[in-house]
Amino acid sequence: MALTAAAPPAGRVRISTFARLKLRVLGNNFRGQGWRIALFIVGSLLGLWLAGVAFLLFLVSGYADSDEFAVIAPALGGAGLTLGWVFLPPIWFGVDETLDPARFALLPLRRRTLVTGLLVGALISVPVLMVLFATSGMVVAAGARGGPAAAAVQLVGVLAGLVLGVTVSRALTSALASMLRSRRMRDLAAIVLALLAAMLGPLQIFVLSAAQHTDLDQLVRVSRALGWTPLAAAYTVGTDAAAGTWWAVPVKLAMVAAVIAALLWWWSRSLESAMLGATGASGTRRRDRAPAAPGGAVGALLPRPLRLPASPFGALVAREVRYWWRDARRRANLITFGVVGIFLPLVFTIGFGRLTGLDEAPTPPPLAITLSMISVGALAAVTLANLFGFDGSAYAAHLTIPVPGRTELRARAVAYSVYIVPMLTVIAVLISLLLGDPARIPAMLGGLWAAYGGGLAVNQIISLFGAYALPETTNPFAVNTGAGVAKSLLTLLSLVATAALAAPVALLAALSGDAWSWLALPAGLGYGLGAAALGSYIGGDILDRRAPELLQAVTPRR
Amino acid sequence: MTDGEHAALSLRGLVKRFDDKTAVAGLDLDVPPGSFFGLLGPNGAGKTTTLSMAVGLLRPDAGGAWVLGRDVWHDPVEAKRLLGVLPDGVRMFDRLNGAELLAYTGLLRGMERDVVERRAAELLDVLALADAGRTLVIDYSAGMKKKIGLACALLHAPRLLVLDEPFEAVDPVSGALIRDILQRYVTGGGTVIFSSHVMEVVERLCSHIAIMAEGVIRSVGTLEQVRGERPLEEVFVEVVGGRTATGQELSWL
């Protein structure tokens with residue numbers, strides 16, 4: 001560091017500094033961490049495979065005999081990508097906050113410089129490379145249709161679409177994070193998430209009906225319409241150029257630029273709160289000087305409605321129940337699941353109705369319902385895959401006591417279920433009422449509980465071996481560099497393993513036919529409870545042996 | 001077995017390597033029962049690593065730790081029952097308020113409800129934390145956090161207290177209070193080992209000290225044995241091999 005050099009005047013910081021900083025942090029992160037490199041490679045290969053498939057699809061569309069596919073592929077593919085940038089970070093991946101905005105709070109940077117720099121930092125990532133690879137298929141396809149000029153236009157469009165995608169994911173998670181931090185805005189954040197998930201509905205219905213009817217003319221019309229929305233505008237300029245409608249190109253690009261500018265402005269607004277949040281690292285600040293509850297310390301800890309025993313188990317359940325609500329990170333997970341859990345089966349069943357082309361709500365076969373319930377149940381338990389990561393270094397307190405592993409796992413599963421079981425019940429009741437068939441409630445609950453119980457077992461074990469540290473930032477969606485890959489792989493593993501565990505129940509549902517409607521509830525409940533109990537029994541032994549290693553895994557590196 | 005037969009804490013041949021760096025390189029230490037033991041060392045000497053291995057938070061690559069004769073790594077339940085720990089740089093379950101955190105710690109240790117209630121109220125009172133009411137621990141000041149951490153470590157009346165940097169970032173008022181409580185604890189027959197690099201505190205409190213640097217103990221004994229006739233700071237700098245500024249550097253300041 002050149003301490004002798006005079007400090008540069010504010011505003012002259014080069015954007016490339018951010019790019020170099022990001023690369024350096026990425027590189028340092030791998031130093032001496034063999035498993036991180038391995039994980040990175042596995043994740044990259046997976047991404048490369050997906051990107052390669054998408055690349056080929058886009059490429060083929062350019063050489064197809066009919067013009068329709070050349071219109072449809074970039075429009076639908078582009079819209080899908082943009083929606084992916086919107087939905088996947090808050091629901092699935094988290095955001096890579098290698099360049100945590102809070103770290104820049106003390107530097108004399110103009111906001112414009114900071115936002116641009118952070119954007120450049122965000123653009124330097126593996127997912128961005130993968131998307132670029134996939135969408136380069138569009139460029140080649142446009143070139144095949146309209147020559148080099150169309151290809152050049154499409155290249156500009158693809159790049160603009162990428163910037164739009166990254167910007168929207170950053171702006172959205174940053175805004176949601178700052179909402180979830182404040183108690184007043186928390187409910188609003190839940191509503192925003194709900195609306196996001198609700199928007200999945202029409203899309204899924206559209207895709208399903210498209211797949212069913214393959215009405216090309218209709219698809220082309222929809223694709224053309226999508227091309228005039230920010231979702232796919234950037235990706236369709238090459239199509240317009242190839243078709244000779246050159247006037248559409250500048251209009252669409254101008255629209256995309258305007259949307260990007262608006263999103264950047266929105267992002268810079270919520271950045272401020274993220275930077276200030278760093279000084280008080282708490283999720284909720286409260287200075288409540290009211291005297292402690294009259295019941296004494298123990299009475300204050302154990303929530304009265306739960307009637308918990310004054311034992312290690314009771315204390316753990318009480319603390320976990322409080323944490324699921326008091327910790328912004330956990331709360332974000334709970335809210336996200338609550339929203340997704342209700343909308344996923346809803347979309348599925350309503351989509352099913354549209355699919356069959358009937359106006360009346362049809363009655364999907366029981367097996368289909370059981371399967372959709374199993375997926376929701378599995379999703380409910382996924383949150384626990386990094387259960388100890390939420391605690392971070394605070395878990396050290398349990399080691400110095402020491403807390404028996406089985407008690408630990410059992411109590412944590414029970415505390416999470418205090419929130420999830422009512423949610424699952426609401427989901428089952430709501431969906432069956434919407435289907436106009438309350439008699440299905442037992443079958444749905446059976447499927448949900450069986451899958452959730454199996455998911456608890458799976459995730460209790462995963463949480464012992466796959467634990468990773470969460471960054472100590474105020475953004476509940478933030479993950480460490482490279483942890484995004486770990487998180488998605490673990491989630492995938494957890495879902496697959498849970499589905500496998502729940503398979504016997506689905507099989508039973510298929511084989512027992514009508515008898516399932518009354519067999520489902522006891523069978524599902526018994527199976528779920530049994531699986532969860534077995535999970536904490538086996539996991540408890542492992543935890544007793546591995547506790548110090550687990551603590552190391554969840555302690556953030558400084 | 002009585003306390004007299006065993007050292008309050010013995011460490012034998014402790015080794016810990018991180019990647020390419022050896023943090024603790026074969027460390028032996030005996031803390032006599034009833035002593036007020038100061039573990040001194042510059043930043044990065046391996047104090048926290050040593051204490052973490054001593055209390056069962058970090059698995060050593062080699063060697064072992066015994067608390068009053070109980071093996072921390074092979075008989076953890078018995079050893080940890082006798083042990084109270086205040087780690088440094090480790091978060092607490094800080095989204096609970098003070099009373100909740102104490103109740104949580106007490107119940108997790110399997111203590112009776114009324115014992116937890118009584119001791120928690122008393123500790124909050126003595127440590128001047130009762131005023132904080134329902135303020136969450138995360139919103140406590142640094143000094144208050146140290147104090148509630150100490151209360152958690154004391155709650156089950158351990159025979160040995162292991163404190164990592166108990167006076168770091170603590171204001172003089174809280175510091176005096178913590179000193180007072182620790183002295184009373186030692187007078188009552190307990191043993192304290194704490195790490196620090198503040199010479200004044202160590203000279204004022206400790207009966208025994210050990211100076212460590214680069215992962216090994218460089219000097220150990222009673223305060224008088226280690227210090228001799230000189231000020232402790234001088235001895236410390238000499239033992240760890242520090243250097244003094246010549247006045248040539250930083251001339252641009």
# chains A, B, ... in the order shown; residues from 1 in each chain; ligands from 1
$ residues_around --residues "segment 242-258 of chain A" --least-positions-apart "3" --cutoff "9 Å" --atoms "only C-alpha atoms" --output "tab-separated table (two decimals) with N, CA and C atoms, in the first residue's frame"
chain	number	residue	atom	x	y	z
A	142	ALA	N	-29.21	-15.65	-34.04
A	142	ALA	CA	-29.58	-14.40	-34.72
A	142	ALA	C	-28.68	-14.19	-35.94
A	143	GLY	N	-27.38	-14.55	-35.80
A	143	GLY	CA	-26.46	-14.43	-36.91
A	143	GLY	C	-26.87	-15.32	-38.07
A	144	ALA	N	-27.34	-16.52	-37.74
A	144	ALA	CA	-27.74	-17.46	-38.78
A	144	ALA	C	-28.95	-16.93	-39.55
A	145	ARG	N	-29.82	-16.21	-38.86
A	145	ARG	CA	-31.03	-15.71	-39.49
A	145	ARG	C	-30.78	-14.40	-40.26
A	146	GLY	N	-30.08	-13.47	-39.58
A	146	GLY	CA	-30.02	-12.11	-40.13
A	146	GLY	C	-28.62	-11.59	-40.42
A	147	GLY	N	-27.64	-12.47	-40.40
A	147	GLY	CA	-26.29	-12.04	-40.72
A	147	GLY	C	-25.59	-11.37	-39.55
A	149	ALA	N	-24.93	-8.33	-38.71
A	149	ALA	CA	-25.54	-7.17	-38.07
A	149	ALA	C	-26.52	-7.61	-36.99
A	150	ALA	N	-27.36	-8.59	-37.32
A	150	ALA	CA	-28.33	-9.10	-36.35
A	150	ALA	C	-27.62	-9.72	-35.16
A	151	ALA	N	-26.52	-10.44	-35.45
A	151	ALA	CA	-25.77	-11.06	-34.36
A	151	ALA	C	-25.21	-10.00	-33.42
A	153	VAL	N	-26.37	-6.98	-32.92
A	153	VAL	CA	-27.47	-6.40	-32.16
A	153	VAL	C	-27.88	-7.34	-31.03
A	156	VAL	N	-25.50	-7.20	-28.10
A	156	VAL	CA	-25.78	-6.06	-27.23
A	156	VAL	C	-26.99	-6.37	-26.34
A	157	GLY	N	-28.02	-6.95	-26.98
A	157	GLY	CA	-29.23	-7.28	-26.24
A	157	GLY	C	-28.97	-8.26	-25.11
A	160	ALA	N	-27.20	-6.56	-22.31
A	160	ALA	CA	-28.12	-5.68	-21.58
A	160	ALA	C	-29.05	-6.51	-20.70
A	161	GLY	N	-29.50	-7.64	-21.25
A	161	GLY	CA	-30.39	-8.51	-20.47
A	161	GLY	C	-29.69	-9.04	-19.24
A	164	LEU	N	-29.46	-6.32	-16.69
A	164	LEU	CA	-30.79	-6.15	-16.11
A	164	LEU	C	-31.06	-7.23	-15.07
A	227	GLY	N	-41.84	-9.80	-25.78
A	227	GLY	CA	-40.72	-9.06	-26.31
A	227	GLY	C	-40.84	-7.56	-26.07
A	228	TRP	N	-42.05	-7.11	-25.78
A	228	TRP	CA	-42.22	-5.69	-25.50
A	228	TRP	C	-42.32	-5.40	-24.01
A	229	THR	N	-42.06	-6.39	-23.18
A	229	THR	CA	-41.97	-6.16	-21.74
A	229	THR	C	-40.50	-6.22	-21.35
A	230	PRO	N	-40.15	-5.62	-20.20
A	230	PRO	CA	-38.75	-5.66	-19.77
A	230	PRO	C	-38.24	-7.09	-19.59
A	233	ALA	N	-37.42	-8.02	-23.52
A	233	ALA	CA	-37.13	-7.01	-24.54
A	233	ALA	C	-35.68	-7.12	-25.00
A	234	ALA	N	-34.77	-7.25	-24.02
A	234	ALA	CA	-33.36	-7.26	-24.38
A	234	ALA	C	-33.00	-8.45	-25.25
A	236	THR	N	-34.84	-10.06	-27.44
A	236	THR	CA	-35.54	-10.24	-28.70
A	236	THR	C	-35.09	-9.25	-29.77
A	237	VAL	N	-34.10	-8.40	-29.48
A	237	VAL	CA	-33.69	-7.41	-30.48
A	237	VAL	C	-33.09	-8.07	-31.71
A	238	GLY	N	-32.40	-9.19	-31.50
A	238	GLY	CA	-31.81	-9.90	-32.62
A	238	GLY	C	-32.88	-10.44	-33.56
A	239	THR	N	-33.96	-10.93	-32.98
A	239	THR	CA	-35.08	-11.43	-33.79
A	239	THR	C	-35.64	-10.31	-34.65
A	261	ALA	N	-31.69	1.64	-15.20
A	261	ALA	CA	-31.42	2.87	-14.44
A	261	ALA	C	-32.35	2.95	-13.24
A	262	ALA	N	-33.63	2.63	-13.45
A	262	ALA	CA	-34.58	2.70	-12.34
A	262	ALA	C	-34.21	1.71	-11.25
A	263	LEU	N	-33.81	0.51	-11.66
A	263	LEU	CA	-33.44	-0.51	-10.68
A	263	LEU	C	-32.20	-0.10	-9.91
$ interface_residues --of "chain B" --to "chain A" --cutoff "8 Å" --atoms "only C-alpha atoms" --output "JSON, numbers by chain"
{"B": [19, 55, 56, 57, 58, 59, 76, 77, 80, 81, 84, 85, 90, 91, 92, 93, 95, 96, 99, 100, 101, 102, 103, 104, 107, 108, 109, 110, 111, 112, 113, 116, 117, 120, 121, 130, 131, 132, 133, 134, 135, 136, 138, 139]}
$ atom_distance --atom1 "atom CA of Arg179 of chain B" --atom2 "atom CA of Val202 of chain B"
10.5 Å
$ closest_residue --among "B:Gln183, B:Thr22, B:Ser219, B:Met199" --to "Leu161 of chain B" --atoms "only C-alpha atoms"
B:Gln183
$ residues_around --residues "Ser136 of chain A" --least-positions-apart "5" --cutoff "8 Å" --atoms "only C-alpha atoms" --output "list of chain:residue names"
A:Phe55, A:Leu155, A:Val158
$ atom_distance --atom1 "atom CA of Val71 of chain A" --atom2 "atom CA of Val222 of chain A"
10.0 Å
$ select_by_dssp --residues "segment 65-113 of chain B" --states "strand (DSSP E)" --output "PyMOL selection string"
chain B and resi 65-67+70-71+83-86
$ write_last_selection --atoms "N, CA, C and O atoms" --output "JSON list (two decimals), in the first residue's frame"
[["chain", "number", "residue", "atom", "x", "y", "z"],
["B", 65, "ALA", "N", -6.16, -32.44, 27.77],
["B", 65, "ALA", "CA", -6.45, -31.45, 28.82],
["B", 65, "ALA", "C", -7.24, -32.13, 29.92],
["B", 65, "ALA", "O", -8.12, -32.94, 29.66],
["B", 66, "TRP", "N", -6.89, -31.81, 31.15],
["B", 66, "TRP", "CA", -7.57, -32.39, 32.31],
["B", 66, "TRP", "C", -8.03, -31.29, 33.25],
["B", 66, "TRP", "O", -7.24, -30.40, 33.58],
["B", 67, "VAL", "N", -9.29, -31.35, 33.66],
["B", 67, "VAL", "CA", -9.82, -30.42, 34.65],
["B", 67, "VAL", "C", -9.98, -31.18, 35.96],
["B", 67, "VAL", "O", -10.78, -32.12, 36.03],
["B", 70, "ARG", "N", -10.14, -34.79, 35.47],
["B", 70, "ARG", "CA", -11.07, -35.35, 34.50],
["B", 70, "ARG", "C", -10.65, -34.95, 33.09],
["B", 70, "ARG", "O", -10.43, -33.77, 32.82],
["B", 71, "ASP", "N", -10.60, -35.95, 32.21],
["B", 71, "ASP", "CA", -10.15, -35.73, 30.85],
["B", 71, "ASP", "C", -11.23, -34.99, 30.05],
["B", 71, "ASP", "O", -12.34, -35.50, 29.89],
["B", 83, "LEU", "N", -16.42, -26.91, 35.15],
["B", 83, "LEU", "CA", -15.75, -25.87, 34.37],
["B", 83, "LEU", "C", -16.73, -24.77, 34.00],
["B", 83, "LEU", "O", -17.85, -25.05, 33.58],
["B", 84, "GLY", "N", -16.30, -23.52, 34.18],
["B", 84, "GLY", "CA", -17.08, -22.40, 33.66],
["B", 84, "GLY", "C", -16.23, -21.68, 32.62],
["B", 84, "GLY", "O", -15.03, -21.48, 32.84],
["B", 85, "VAL", "N", -16.83, -21.31, 31.48],
["B", 85, "VAL", "CA", -16.03, -20.77, 30.38],
["B", 85, "VAL", "C", -16.61, -19.45, 29.90],
["B", 85, "VAL", "O", -17.82, -19.30, 29.74],
["B", 86, "LEU", "N", -15.72, -18.47, 29.68],
["B", 86, "LEU", "CA", -16.11, -17.24, 29.00],
["B", 86, "LEU", "C", -15.22, -17.10, 27.76],
["B", 86, "LEU", "O", -14.08, -16.66, 27.85]]
$ select_by_dssp --residues "segment 10-107 of chain B" --states "alpha helix (DSSP H)" --output "PyMOL selection string"
chain B and resi 47-55+76-81+98-107
$ write_last_selection --atoms "N, CA and C atoms" --output "short mmCIF file (atom, residue, chain, number, x, y, z; two decimals), in the first residue's frame"
data_model
loop_
_atom_site.label_atom_id
_atom_site.label_comp_id
_atom_site.auth_asym_id
_atom_site.auth_seq_id
_atom_site.Cartn_x
_atom_site.Cartn_y
_atom_site.Cartn_z
N LYS B 47 -3.02 -17.93 22.53
CA LYS B 47 -3.74 -18.01 23.81
C LYS B 47 -5.15 -18.55 23.62
N THR B 48 -5.89 -17.95 22.66
CA THR B 48 -7.27 -18.38 22.45
C THR B 48 -7.32 -19.83 21.97
N THR B 49 -6.41 -20.20 21.09
CA THR B 49 -6.37 -21.58 20.60
C THR B 49 -6.13 -22.54 21.75
N THR B 50 -5.17 -22.18 22.63
CA THR B 50 -4.87 -23.04 23.78
C THR B 50 -6.09 -23.20 24.68
N LEU B 51 -6.69 -22.08 25.03
CA LEU B 51 -7.83 -22.15 25.95
C LEU B 51 -9.00 -22.90 25.30
N SER B 52 -9.19 -22.72 23.98
CA SER B 52 -10.28 -23.42 23.30
C SER B 52 -10.07 -24.93 23.38
N MET B 53 -8.82 -25.37 23.24
CA MET B 53 -8.54 -26.79 23.33
C MET B 53 -8.69 -27.28 24.77
N ALA B 54 -8.38 -26.39 25.73
CA ALA B 54 -8.46 -26.77 27.13
C ALA B 54 -9.90 -27.00 27.58
N VAL B 55 -10.85 -26.30 26.96
CA VAL B 55 -12.24 -26.40 27.43
C VAL B 55 -13.11 -27.24 26.49
N PRO B 76 -16.02 -35.75 28.78
CA PRO B 76 -16.40 -34.33 28.70
C PRO B 76 -17.50 -33.94 29.68
N VAL B 77 -18.44 -34.85 29.94
CA VAL B 77 -19.57 -34.47 30.80
C VAL B 77 -19.09 -34.12 32.20
N GLU B 78 -18.23 -35.01 32.77
CA GLU B 78 -17.74 -34.78 34.12
C GLU B 78 -16.84 -33.54 34.16
N ALA B 79 -15.93 -33.43 33.18
CA ALA B 79 -14.98 -32.33 33.19
C ALA B 79 -15.71 -30.99 33.05
N LYS B 80 -16.68 -30.93 32.16
CA LYS B 80 -17.33 -29.66 31.89
C LYS B 80 -18.28 -29.25 33.01
N ARG B 81 -18.67 -30.23 33.85
CA ARG B 81 -19.50 -29.89 35.00
C ARG B 81 -18.71 -29.01 35.97
N GLY B 98 -31.09 -10.68 29.09
CA GLY B 98 -30.16 -11.20 30.09
C GLY B 98 -30.76 -12.32 30.92
N ALA B 99 -31.96 -12.10 31.44
CA ALA B 99 -32.58 -13.11 32.30
C ALA B 99 -32.86 -14.38 31.52
N GLU B 100 -33.33 -14.22 30.29
CA GLU B 100 -33.62 -15.40 29.47
C GLU B 100 -32.35 -16.21 29.20
N LEU B 101 -31.26 -15.49 28.92
CA LEU B 101 -30.00 -16.17 28.61
C LEU B 101 -29.51 -16.97 29.81
N LEU B 102 -29.63 -16.38 31.01
CA LEU B 102 -29.20 -17.09 32.21
C LEU B 102 -30.09 -18.30 32.47
N ALA B 103 -31.39 -18.13 32.31
CA ALA B 103 -32.30 -19.25 32.52
C ALA B 103 -31.99 -20.35 31.53
N TYR B 104 -31.71 -19.96 30.28
CA TYR B 104 -31.40 -20.92 29.23
C TYR B 104 -30.16 -21.74 29.60
N THR B 105 -29.09 -21.01 30.00
CA THR B 105 -27.85 -21.69 30.35
C THR B 105 -28.07 -22.64 31.53
N GLY B 106 -28.79 -22.15 32.54
CA GLY B 106 -29.01 -22.97 33.74
C GLY B 106 -29.80 -24.23 33.43
N LEU B 107 -30.90 -24.07 32.70
CA LEU B 107 -31.73 -25.23 32.40
C LEU B 107 -30.99 -26.21 31.51
#
$ closest_residue --among "A:Val42, A:Val321, A:Ala232, A:Ala105" --to "Leu76 of chain A" --atoms "only C-alpha atoms"
A:Ala232
$ atom_distance --atom1 "atom CA of Leu182 of chain B" --atom2 "atom CA of Gly34 of chain B"
11.7 Å
$ residues_around --residues "segment 528-539 of chain A" --least-positions-apart "4" --cutoff "8 Å" --atoms "only C-alpha atoms" --output "PyMOL selection string"
chain A and resi 405-406+409-410+449-458+460-461+464+524+543
$ residues_around --residues "Gly175 of chain B" --least-positions-apart "4" --cutoff "12 Å" --atoms "only C-alpha atoms" --output "list in words"
Leu127, Ala142, Gly143, Met144, Lys146, Lys147, Leu150, Glu165, Pro166, Phe167, Glu168, Ala169, Val170, Asp171, Arg179, Asp180, Ile181, Leu182, Val201 and Leu205 of chain B
$ closest_residue --among "B:Val216, B:Leu155, B:Ala176, B:Gly188" --to "Leu11 of chain B" --atoms "only C-alpha atoms"
B:Val216
$ decode --residues "segment 9-19 of chain B" --atoms "all heavy atoms" --output "compact mmCIF listing (two decimals), in the first residue's frame"
# COMPACT_ATOMS: atom_id res chain seq x y z
N LEU B 9 -6.15 -27.35 36.31
CA LEU B 9 -6.16 -27.57 34.86
C LEU B 9 -4.77 -28.05 34.46
O LEU B 9 -3.78 -27.41 34.82
CB LEU B 9 -6.50 -26.27 34.12
CG LEU B 9 -6.46 -26.32 32.59
CD1 LEU B 9 -7.60 -27.15 32.05
CD2 LEU B 9 -6.52 -24.91 32.00
N SER B 10 -4.67 -29.20 33.81
CA SER B 10 -3.37 -29.56 33.24
C SER B 10 -3.49 -29.75 31.75
O SER B 10 -4.44 -30.37 31.26
CB SER B 10 -2.78 -30.85 33.79
OG SER B 10 -3.44 -31.35 34.80
N LEU B 11 -2.53 -29.22 31.06
CA LEU B 11 -2.44 -29.37 29.62
C LEU B 11 -1.15 -30.12 29.33
O LEU B 11 -0.11 -29.79 29.89
CB LEU B 11 -2.43 -28.01 28.92
CG LEU B 11 -3.56 -27.05 29.31
CD1 LEU B 11 -3.38 -25.70 28.62
CD2 LEU B 11 -4.91 -27.64 28.98
N ARG B 12 -1.24 -31.14 28.46
CA ARG B 12 -0.05 -31.95 28.16
C ARG B 12 0.13 -32.07 26.65
O ARG B 12 -0.74 -32.61 25.97
CB ARG B 12 -0.22 -33.35 28.74
CG ARG B 12 -0.08 -33.45 30.25
CD ARG B 12 1.37 -33.26 30.69
NE ARG B 12 1.47 -33.17 32.15
CZ ARG B 12 1.35 -32.03 32.82
NH1 ARG B 12 1.18 -30.90 32.18
NH2 ARG B 12 1.44 -32.02 34.14
N GLY B 13 1.24 -31.55 26.17
CA GLY B 13 1.62 -31.76 24.77
C GLY B 13 0.62 -31.27 23.75
O GLY B 13 0.46 -31.88 22.69
N LEU B 14 -0.08 -30.17 24.05
CA LEU B 14 -1.10 -29.69 23.12
C LEU B 14 -0.47 -29.18 21.82
O LEU B 14 0.48 -28.39 21.86
CB LEU B 14 -1.90 -28.55 23.75
CG LEU B 14 -3.02 -28.93 24.71
CD1 LEU B 14 -3.73 -27.69 25.19
CD2 LEU B 14 -4.00 -29.89 24.06
N VAL B 15 -1.02 -29.62 20.71
CA VAL B 15 -0.55 -29.17 19.40
C VAL B 15 -1.76 -28.82 18.55
O VAL B 15 -2.76 -29.54 18.56
CB VAL B 15 0.26 -30.28 18.68
CG1 VAL B 15 0.65 -29.84 17.29
CG2 VAL B 15 1.49 -30.65 19.49
N LYS B 16 -1.70 -27.70 17.85
CA LYS B 16 -2.75 -27.38 16.89
C LYS B 16 -2.14 -26.70 15.68
O LYS B 16 -1.43 -25.70 15.81
CB LYS B 16 -3.81 -26.46 17.50
CG LYS B 16 -5.02 -26.23 16.60
CD LYS B 16 -5.85 -27.49 16.49
CE LYS B 16 -6.80 -27.45 15.32
NZ LYS B 16 -7.61 -28.68 15.22
N ARG B 17 -2.40 -27.27 14.51
CA ARG B 17 -1.93 -26.66 13.27
C ARG B 17 -3.11 -26.18 12.46
O ARG B 17 -4.13 -26.85 12.38
CB ARG B 17 -1.13 -27.69 12.45
CG ARG B 17 0.31 -27.82 12.85
CD ARG B 17 1.04 -28.84 12.00
NE ARG B 17 0.62 -30.20 12.30
CZ ARG B 17 1.10 -30.97 13.29
NH1 ARG B 17 2.00 -30.53 14.03
NH2 ARG B 17 0.69 -32.18 13.50
N PHE B 18 -3.01 -25.01 11.87
CA PHE B 18 -4.00 -24.53 10.92
C PHE B 18 -3.32 -24.41 9.57
O PHE B 18 -2.37 -23.63 9.42
CB PHE B 18 -4.54 -23.15 11.32
CG PHE B 18 -5.33 -23.17 12.60
CD1 PHE B 18 -4.84 -22.53 13.72
CD2 PHE B 18 -6.53 -23.85 12.69
CE1 PHE B 18 -5.56 -22.54 14.91
CE2 PHE B 18 -7.24 -23.86 13.87
CZ PHE B 18 -6.76 -23.21 14.98
N ASP B 19 -3.79 -25.21 8.61
CA ASP B 19 -3.19 -25.19 7.29
C ASP B 19 -1.66 -25.31 7.38
O ASP B 19 -1.14 -26.33 7.78
CB ASP B 19 -3.59 -23.92 6.53
CG ASP B 19 -5.08 -23.83 6.33
OD1 ASP B 19 -5.71 -24.91 6.32
OD2 ASP B 19 -5.61 -22.73 6.21
